[in-house]
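Shown here: structure_39.cif, mmCIF, C-alpha atoms.
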data_upload
#
loop_
_atom_site.label_atom_id
_atom_site.label_comp_id
_atom_site.auth_asym_id
_atom_site.auth_seq_id
_atom_site.Cartn_x
_atom_site.Cartn_y
_atom_site.Cartn_z
CA MET A 1 21.56 13.31 4.80
CA THR A 2 24.39 10.76 4.67
CA ASP A 3 25.13 8.60 1.61
CA GLN A 4 23.83 5.59 3.52
CA GLN A 5 20.56 7.36 4.31
CA GLN A 6 20.10 8.45 0.71
CA ASP A 7 20.75 4.91 -0.49
CA ARG A 8 17.81 3.82 1.65
CA VAL A 9 15.35 6.19 -0.08
CA THR A 10 13.30 4.40 -2.73
CA PHE A 11 10.51 5.53 -5.01
CA GLY A 12 7.36 3.80 -6.19
CA ILE A 13 4.51 4.70 -8.49
CA LYS A 14 0.78 4.28 -7.88
CA THR A 15 -1.79 4.17 -10.64
CA THR A 16 -5.17 4.89 -9.11
CA PRO A 17 -7.40 2.90 -11.52
CA MET A 18 -10.46 5.14 -11.27
CA ARG A 19 -12.00 6.19 -14.62
CA VAL A 20 -9.06 4.80 -16.58
CA ALA A 21 -8.73 1.95 -19.06
CA TYR A 22 -6.70 -1.21 -18.50
CA GLU A 23 -4.49 -0.33 -21.46
CA ASP A 24 -3.49 2.95 -19.82
CA VAL A 25 -2.56 1.28 -16.54
CA LEU A 26 -0.53 -1.34 -18.41
CA ARG A 27 1.24 1.39 -20.40
CA VAL A 28 2.41 3.18 -17.26
CA TRP A 29 3.48 -0.03 -15.52
CA GLN A 30 5.50 -1.33 -18.45
CA GLU A 31 7.17 2.05 -18.81
CA ALA A 32 8.01 2.07 -15.09
CA ASP A 33 9.29 -1.50 -15.32
CA ALA A 34 12.03 -0.27 -17.66
CA LEU A 35 13.10 2.55 -15.31
CA PRO A 36 15.39 1.36 -12.49
CA GLU A 37 14.76 4.59 -10.55
CA ILE A 38 11.25 3.27 -9.80
CA ALA A 39 11.38 0.35 -7.38
CA ASP A 40 7.73 -0.66 -7.14
CA ALA A 41 4.24 -0.10 -8.52
CA TRP A 42 0.87 -0.09 -6.77
CA LEU A 43 -2.87 -0.24 -7.29
CA TRP A 44 -5.67 0.38 -4.81
CA ASP A 45 -8.59 -1.72 -3.58
CA HIS A 46 -11.94 -0.14 -4.37
CA LEU A 47 -14.92 -1.42 -6.33
CA MET A 48 -16.56 1.93 -7.14
CA PRO A 49 -15.27 5.48 -7.52
CA ILE A 50 -14.78 7.09 -4.13
CA ALA A 51 -14.91 10.62 -5.52
CA GLY A 52 -16.99 12.26 -8.21
CA PRO A 53 -19.71 10.46 -10.21
CA ARG A 54 -20.41 6.88 -9.18
CA ASN A 55 -20.66 5.60 -12.75
CA GLY A 56 -16.94 5.67 -13.55
CA GLN A 57 -15.15 2.44 -14.39
CA ILE A 58 -12.88 0.63 -11.95
CA LEU A 59 -11.16 -2.74 -12.32
CA GLU A 60 -10.89 -5.14 -9.36
CA GLY A 61 -7.49 -4.73 -7.74
CA TRP A 62 -6.10 -8.23 -7.28
CA THR A 63 -7.27 -9.45 -10.69
CA LEU A 64 -5.63 -6.42 -12.29
CA LEU A 65 -2.48 -6.93 -10.21
CA SER A 66 -2.19 -10.52 -11.44
CA ALA A 67 -2.40 -9.37 -15.07
CA LEU A 68 0.23 -6.70 -14.51
CA ALA A 69 2.49 -9.15 -12.67
CA ALA A 70 2.47 -11.38 -15.73
CA GLN A 71 3.45 -8.48 -18.01
CA THR A 72 6.27 -6.92 -16.00
CA GLN A 73 9.66 -8.30 -15.07
CA ARG A 74 11.35 -6.21 -12.38
CA LEU A 75 8.99 -4.02 -10.34
CA ARG A 76 7.96 -5.01 -6.85
CA LEU A 77 4.18 -4.72 -6.77
CA GLY A 78 1.09 -4.73 -4.59
CA LEU A 79 -2.13 -3.05 -3.52
CA LEU A 80 -1.83 0.09 -1.44
CA VAL A 81 -3.66 -1.21 0.42
CA THR A 82 -5.81 -4.32 0.35
CA SER A 83 -9.08 -3.87 2.22
CA ASN A 84 -9.41 -6.54 4.87
CA ARG A 85 -13.21 -6.25 4.60
CA ILE A 86 -13.62 -7.46 1.00
CA ARG A 87 -12.12 -10.98 0.99
CA ARG A 88 -11.98 -13.70 3.61
CA PRO A 89 -8.44 -14.04 5.00
CA ALA A 90 -7.64 -17.51 3.70
CA VAL A 91 -9.01 -16.68 0.24
CA LEU A 92 -6.84 -13.57 0.26
CA GLY A 93 -3.86 -15.69 1.28
CA LYS A 94 -4.39 -17.98 -1.70
CA ILE A 95 -4.80 -15.01 -4.07
CA ALA A 96 -1.62 -13.36 -2.78
CA THR A 97 0.33 -16.61 -3.03
CA THR A 98 -0.75 -16.96 -6.66
CA VAL A 99 0.37 -13.42 -7.50
CA ASP A 100 3.73 -14.01 -5.82
CA VAL A 101 4.19 -17.13 -7.94
CA ILE A 102 3.14 -15.35 -11.16
CA SER A 103 5.47 -12.44 -10.42
CA ARG A 104 8.34 -14.79 -9.46
CA GLY A 105 8.58 -13.37 -5.98
CA ARG A 106 7.90 -9.65 -6.43
CA LEU A 107 4.76 -9.20 -4.30
CA ILE A 108 4.61 -6.84 -1.33
CA MET A 109 1.56 -7.72 0.77
CA GLY A 110 -0.17 -4.40 1.43
CA LEU A 111 -2.94 -4.62 4.02
CA GLY A 112 -5.31 -2.21 5.72
CA VAL A 113 -8.28 -2.41 8.05
CA GLY A 114 -10.76 -1.64 5.24
CA GLY A 115 -14.27 -0.25 5.60
CA THR A 116 -15.23 0.83 9.10
CA HIS A 117 -17.75 3.27 10.50
CA GLN A 118 -16.18 6.74 10.20
CA PRO A 119 -17.53 10.25 10.70
CA PRO A 120 -17.66 12.75 7.83
CA ASP A 121 -14.33 14.25 6.76
CA ALA A 122 -12.32 11.44 8.36
CA GLY A 123 -8.95 10.42 6.97
CA GLY A 124 -8.55 13.49 4.82
CA VAL A 125 -11.56 12.57 2.65
CA THR A 126 -14.03 15.45 2.44
CA GLY A 127 -17.68 14.66 3.10
CA GLU A 128 -19.46 11.46 4.01
CA ASN A 129 -17.54 8.20 4.26
CA PRO A 130 -17.39 6.96 0.63
CA ALA A 131 -17.19 3.37 1.83
CA VAL A 132 -20.88 3.47 2.80
CA ALA A 133 -22.16 3.57 -0.79
CA GLU A 134 -19.44 1.23 -2.04
CA TYR A 135 -20.11 -1.44 0.57
CA ASP A 136 -23.89 -1.16 0.22
CA ALA A 137 -23.56 -1.68 -3.53
CA TYR A 138 -21.50 -4.85 -3.12
CA GLY A 139 -23.26 -6.40 -0.14
CA LEU A 140 -20.38 -5.75 2.24
CA THR A 141 -20.64 -4.59 5.83
CA LEU A 142 -18.88 -1.80 7.65
CA VAL A 143 -17.72 -2.62 11.17
CA PRO A 144 -16.64 -0.55 14.17
CA PRO A 145 -12.95 0.44 14.03
CA ALA A 146 -11.97 -1.77 16.97
CA GLU A 147 -13.50 -4.80 15.28
CA GLY A 148 -11.80 -3.93 12.01
CA ILE A 149 -8.40 -3.85 13.70
CA ALA A 150 -9.03 -7.13 15.51
CA ARG A 151 -10.04 -8.77 12.23
CA LEU A 152 -6.89 -7.44 10.57
CA ALA A 153 -4.75 -8.94 13.32
CA GLU A 154 -6.33 -12.35 12.70
CA THR A 155 -5.77 -11.99 8.97
CA VAL A 156 -2.08 -11.30 9.47
CA THR A 157 -1.73 -14.45 11.57
CA ILE A 158 -3.62 -16.55 9.02
CA LEU A 159 -1.53 -15.29 6.09
CA LYS A 160 1.76 -15.97 7.84
CA ARG A 161 0.69 -19.50 8.74
CA MET A 162 -0.60 -20.21 5.23
CA TRP A 163 2.74 -19.16 3.80
CA THR A 164 4.90 -21.27 6.12
CA GLU A 165 2.94 -24.27 7.47
CA GLU A 166 1.89 -27.43 5.68
CA ALA A 167 -1.52 -27.62 7.33
CA PHE A 168 -3.17 -25.92 10.29
CA ASP A 169 -6.40 -25.07 12.08
CA PHE A 170 -7.25 -21.57 13.22
CA HIS A 171 -9.83 -20.60 15.81
CA GLY A 172 -10.12 -16.86 16.22
CA ARG A 173 -12.86 -14.56 17.39
CA TYR A 174 -13.90 -13.73 13.82
CA TYR A 175 -12.44 -16.44 11.58
CA THR A 176 -12.23 -20.23 11.81
CA LEU A 177 -10.23 -22.55 9.53
CA LYS A 178 -10.08 -26.33 9.64
CA GLY A 179 -7.30 -28.18 7.88
CA ASN A 180 -6.06 -25.27 5.79
CA ARG A 181 -3.49 -26.20 3.14
CA ASN A 182 -1.90 -23.69 0.79
CA GLU A 183 0.24 -25.10 -2.02
CA PRO A 184 2.33 -23.97 -3.66
CA LYS A 185 3.88 -21.67 -1.12
CA PRO A 186 4.92 -18.15 -2.12
CA VAL A 187 8.23 -17.85 -3.91
CA GLN A 188 9.39 -15.50 -1.15
CA GLN A 189 9.96 -17.24 2.16
CA PRO A 190 8.80 -16.94 4.86
CA GLY A 191 6.38 -14.92 2.73
CA PRO A 192 6.08 -11.59 0.93
CA PRO A 193 7.08 -8.49 2.91
CA LEU A 194 4.12 -7.18 4.89
CA LEU A 195 3.07 -3.55 4.52
CA ILE A 196 0.33 -2.23 6.80
CA GLY A 197 -1.28 1.08 5.92
CA GLY A 198 -3.00 3.38 8.39
CA TRP A 199 -2.42 5.98 11.05
CA GLY A 200 -4.67 5.15 14.02
CA THR A 201 -2.94 4.37 17.30
CA ARG A 202 -4.24 0.78 17.43
CA THR A 203 -3.29 0.18 13.79
CA LEU A 204 0.21 1.46 14.50
CA ARG A 205 0.48 -1.12 17.27
CA LEU A 206 -0.14 -3.83 14.65
CA VAL A 207 2.53 -2.26 12.48
CA ALA A 208 5.02 -2.46 15.33
CA GLU A 209 4.12 -6.07 16.03
CA HIS A 210 3.98 -7.46 12.50
CA ALA A 211 4.88 -5.19 9.58
CA ASP A 212 8.03 -4.75 7.53
CA ILE A 213 6.71 -1.49 6.06
CA TRP A 214 4.37 1.20 7.38
CA ASN A 215 2.50 3.37 4.87
CA ILE A 216 0.51 6.52 5.46
CA PRO A 217 -1.21 8.82 2.94
CA GLY A 218 0.69 12.08 2.69
CA PRO A 219 -0.37 15.48 1.40
CA PRO A 220 -3.07 16.42 0.56
CA HIS A 221 -4.69 13.82 2.87
CA ASN A 222 -2.42 14.19 5.90
CA THR A 223 -0.12 17.08 6.76
CA LEU A 224 3.61 16.70 7.30
CA ASP A 225 3.24 17.58 10.99
CA TYR A 226 0.59 14.91 11.46
CA ILE A 227 2.73 12.29 9.73
CA ILE A 228 5.66 13.15 12.03
CA GLN A 229 3.39 12.85 15.06
CA ARG A 230 2.09 9.46 13.91
CA SER A 231 5.65 8.26 13.28
CA ARG A 232 6.49 9.09 16.89
CA VAL A 233 3.52 7.01 18.02
CA LEU A 234 4.90 4.09 16.02
CA ASP A 235 8.30 4.63 17.65
CA ALA A 236 6.66 4.43 21.08
CA HIS A 237 4.92 1.17 20.19
CA CYS A 238 8.23 -0.28 19.00
CA ALA A 239 9.91 0.74 22.25
CA ALA A 240 7.10 -0.82 24.28
CA ILE A 241 7.54 -4.24 22.64
CA GLY A 242 11.32 -4.11 22.30
CA ARG A 243 11.45 -3.78 18.51
CA ASP A 244 14.10 -1.71 16.79
CA ARG A 245 12.12 1.06 15.07
CA ARG A 246 14.72 1.12 12.29
CA THR A 247 13.56 -2.31 11.11
CA ILE A 248 10.30 -0.79 9.83
CA THR A 249 10.45 1.07 6.52
CA ARG A 250 8.50 4.36 6.68
CA SER A 251 6.46 4.72 3.49
CA VAL A 252 4.23 7.56 2.31
CA GLN A 253 1.87 8.10 -0.61
CA TYR A 254 2.15 11.48 -2.26
CA THR A 255 -0.36 12.59 -4.91
CA VAL A 256 1.43 14.23 -7.82
CA SER A 257 0.20 17.57 -9.20
CA TYR A 258 1.03 17.61 -12.89
CA ASP A 259 1.00 21.42 -13.03
CA ASP A 260 3.28 22.06 -10.02
CA LEU A 261 6.10 19.55 -10.11
CA ALA A 262 8.44 22.04 -8.41
CA GLY A 263 6.04 22.05 -5.47
CA ASP A 264 5.98 18.25 -5.57
CA ARG A 265 9.77 18.16 -5.31
CA ARG A 266 9.72 20.42 -2.26
CA SER A 267 7.05 18.30 -0.59
CA VAL A 268 8.92 15.06 -1.29
CA LEU A 269 12.13 16.52 0.17
CA ASP A 270 10.20 17.57 3.28
CA LEU A 271 8.83 14.04 3.66
CA ILE A 272 12.30 12.52 3.31
CA GLY A 273 13.62 15.02 5.82
CA ALA A 274 10.95 13.82 8.26
CA GLY A 275 12.26 10.25 8.04
CA LEU A 276 10.10 8.76 5.27
CA THR A 277 12.35 6.60 3.09
CA HIS A 278 9.85 5.06 0.66
CA ILE A 279 7.99 7.61 -1.46
CA VAL A 280 5.07 6.37 -3.58
CA LEU A 281 4.19 8.92 -6.24
CA SER A 282 0.47 8.55 -6.88
CA LEU A 283 -0.89 9.49 -10.30
CA ARG A 284 -4.34 10.88 -10.95
CA SER A 285 -6.04 9.73 -14.11
CA PRO A 286 -5.86 10.39 -16.98
CA TYR A 287 -2.17 9.54 -17.02
CA PRO A 288 -0.14 11.83 -19.29
CA PRO A 289 2.15 10.43 -22.00
CA GLN A 290 5.42 9.05 -20.60
CA ALA A 291 4.09 9.54 -17.08
CA ALA A 292 6.70 7.32 -15.42
CA GLN A 293 9.62 8.89 -17.29
CA ARG A 294 8.33 12.32 -16.35
CA LEU A 295 8.34 11.37 -12.67
CA VAL A 296 11.95 10.20 -12.98
CA ASP A 297 13.07 13.32 -14.85
CA GLU A 298 11.18 15.95 -12.89
CA ILE A 299 10.88 14.54 -9.36
CA ILE A 300 13.08 11.52 -8.59
CA THR A 301 16.33 12.61 -10.25
CA PRO A 302 16.19 16.24 -9.01
CA VAL A 303 15.29 15.08 -5.48
CA ARG A 304 18.26 12.70 -5.42
CA ALA A 305 20.51 15.49 -6.70
CA GLU A 306 19.30 17.75 -3.89
CA LEU A 307 19.95 15.02 -1.34
CA ASP A 308 23.50 14.73 -2.69
CA ARG A 309 24.05 18.41 -1.95
CA GLN A 310 22.80 18.19 1.63
#

Mind converting the file's structure to structure tokens?
Amino acid sequence: MTDQQQDRVTFGIKTTPMRVAYEDVLRVWQEADALPEIADAWLWDHLMPIAGPRNGQILEGWTLLSALAAQTQRLRLGLLVTSNRIRRPAVLGKIATTVDVISRGRLIMGLGVGGTHQPPDAGGVTGENPAVAEYDAYGLTLVPPAEGIARLAETVTILKRMWTEEAFDFHGRYYTLKGNRNEPKPVQQPGPPLLIGGWGTRTLRLVAEHADIWNIPGPPHNTLDYIIQRSRVLDAHCAAIGRDRRTITRSVQYTVSYDDLAGDRRSVLDLIGAGLTHIVLSLRSPYPPQAAQRLVDEIITPVRAELDRQ
């Protein structure tokens, strides 16, 4: 790996807020905020636990993100990823604008299709689709995958127009706006960077058309070989529309195993070797003391040292 390629590799941290207190999430984020080796921090977008007992506590993602934005200074931040099925697009656009203002321009707009009809064991999640119980509990509806992708495409268009235009109407297949106005605008112009998460072929087409960053769950959810194959599909979409594939940052979530950090280092190096240049280290709760510093000391710094030797 060349010096230029290594310079492009960045690391983030993800605190999965399932069965964990607000104070613990804040502790990890404020610790990470003081560590320049960590570029960004992430939450997720679920309303109930998606594994284990259903009675565990979870805080709503965008509300929590706003609180954390107000209590950090440096980290880029976002949801990895926002479900497009939970909030109407224009409401989401207003929420995201507010967080970008609160954070003084640090938001990365992470988006995904959200809840769709999926067979058991899909997406690396063992068993029945956990979105079924979650959406039933909150009065939300699952949709077919094709509809979910079409809705996401409309959301992307709406967000970009809200962030750049004074007023506009929108007439899509699924959403209609009349006289939308969004003031103030985001601090970042023409809007926060757009990250789209997913791995389906049609989702990757949206990435090629619209996204600044592509994110895919890594091990244990998706194998390295599968991630490489999906990256090639994205390359093909870019070639088909005349986009330089190098203009899309390749991002991966990797779930840290606290008892095998040597194995984590090897896996992260494999992911970087496959062309992933943004590594989000996802923490399971409960978060250990000095969790962010431990990631720097035992994963990020040794990985960078290994890259120097290559």

Expansion of the PyMOL selection byres ((chain A and resi 36-49) around 7) into residues, as a count of residues only: 30

Spatial neighbours of segment 202-217 of chain A, max dist 9 Å, only C-alpha atoms, sep filter under 2 positions, as a ChimeraX atom specification: /A:80-81,110,112-113,123-124,146,149,152-153,156,193-200,219-222,227,230-231,233-235,237-238,241,243,245,247-255,278

Nearest to Gly114 of chain A, chosen from A:Ile158, A:Ile86, A:Ala274, A:Val20, with all atoms listed in the file counted in the distances: A:Ile86

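For the file at hand, the PyMOL selection byres ((chain A and resi 270) around 12) resolves to Gly218, Pro219, Thr223, Leu224, Asp225, Ile227, Ile228, Val252, Tyr254, Gly263, Asp264, Arg265, Arg266, Ser267, Val268, Leu269, Leu271, Ile272, Gly273, Ala274, Gly275, Leu276, Thr277, Ile279, Val303, Glu306 and Leu307 of chain A.
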
Contact residues around Leu26 of chain A with all atoms listed in the file at 10 Å, ignoring same-chain residues under 2 positions, as number ranges by chain: A: 15, 21-24, 28-32, 64, 67-68, 71-72
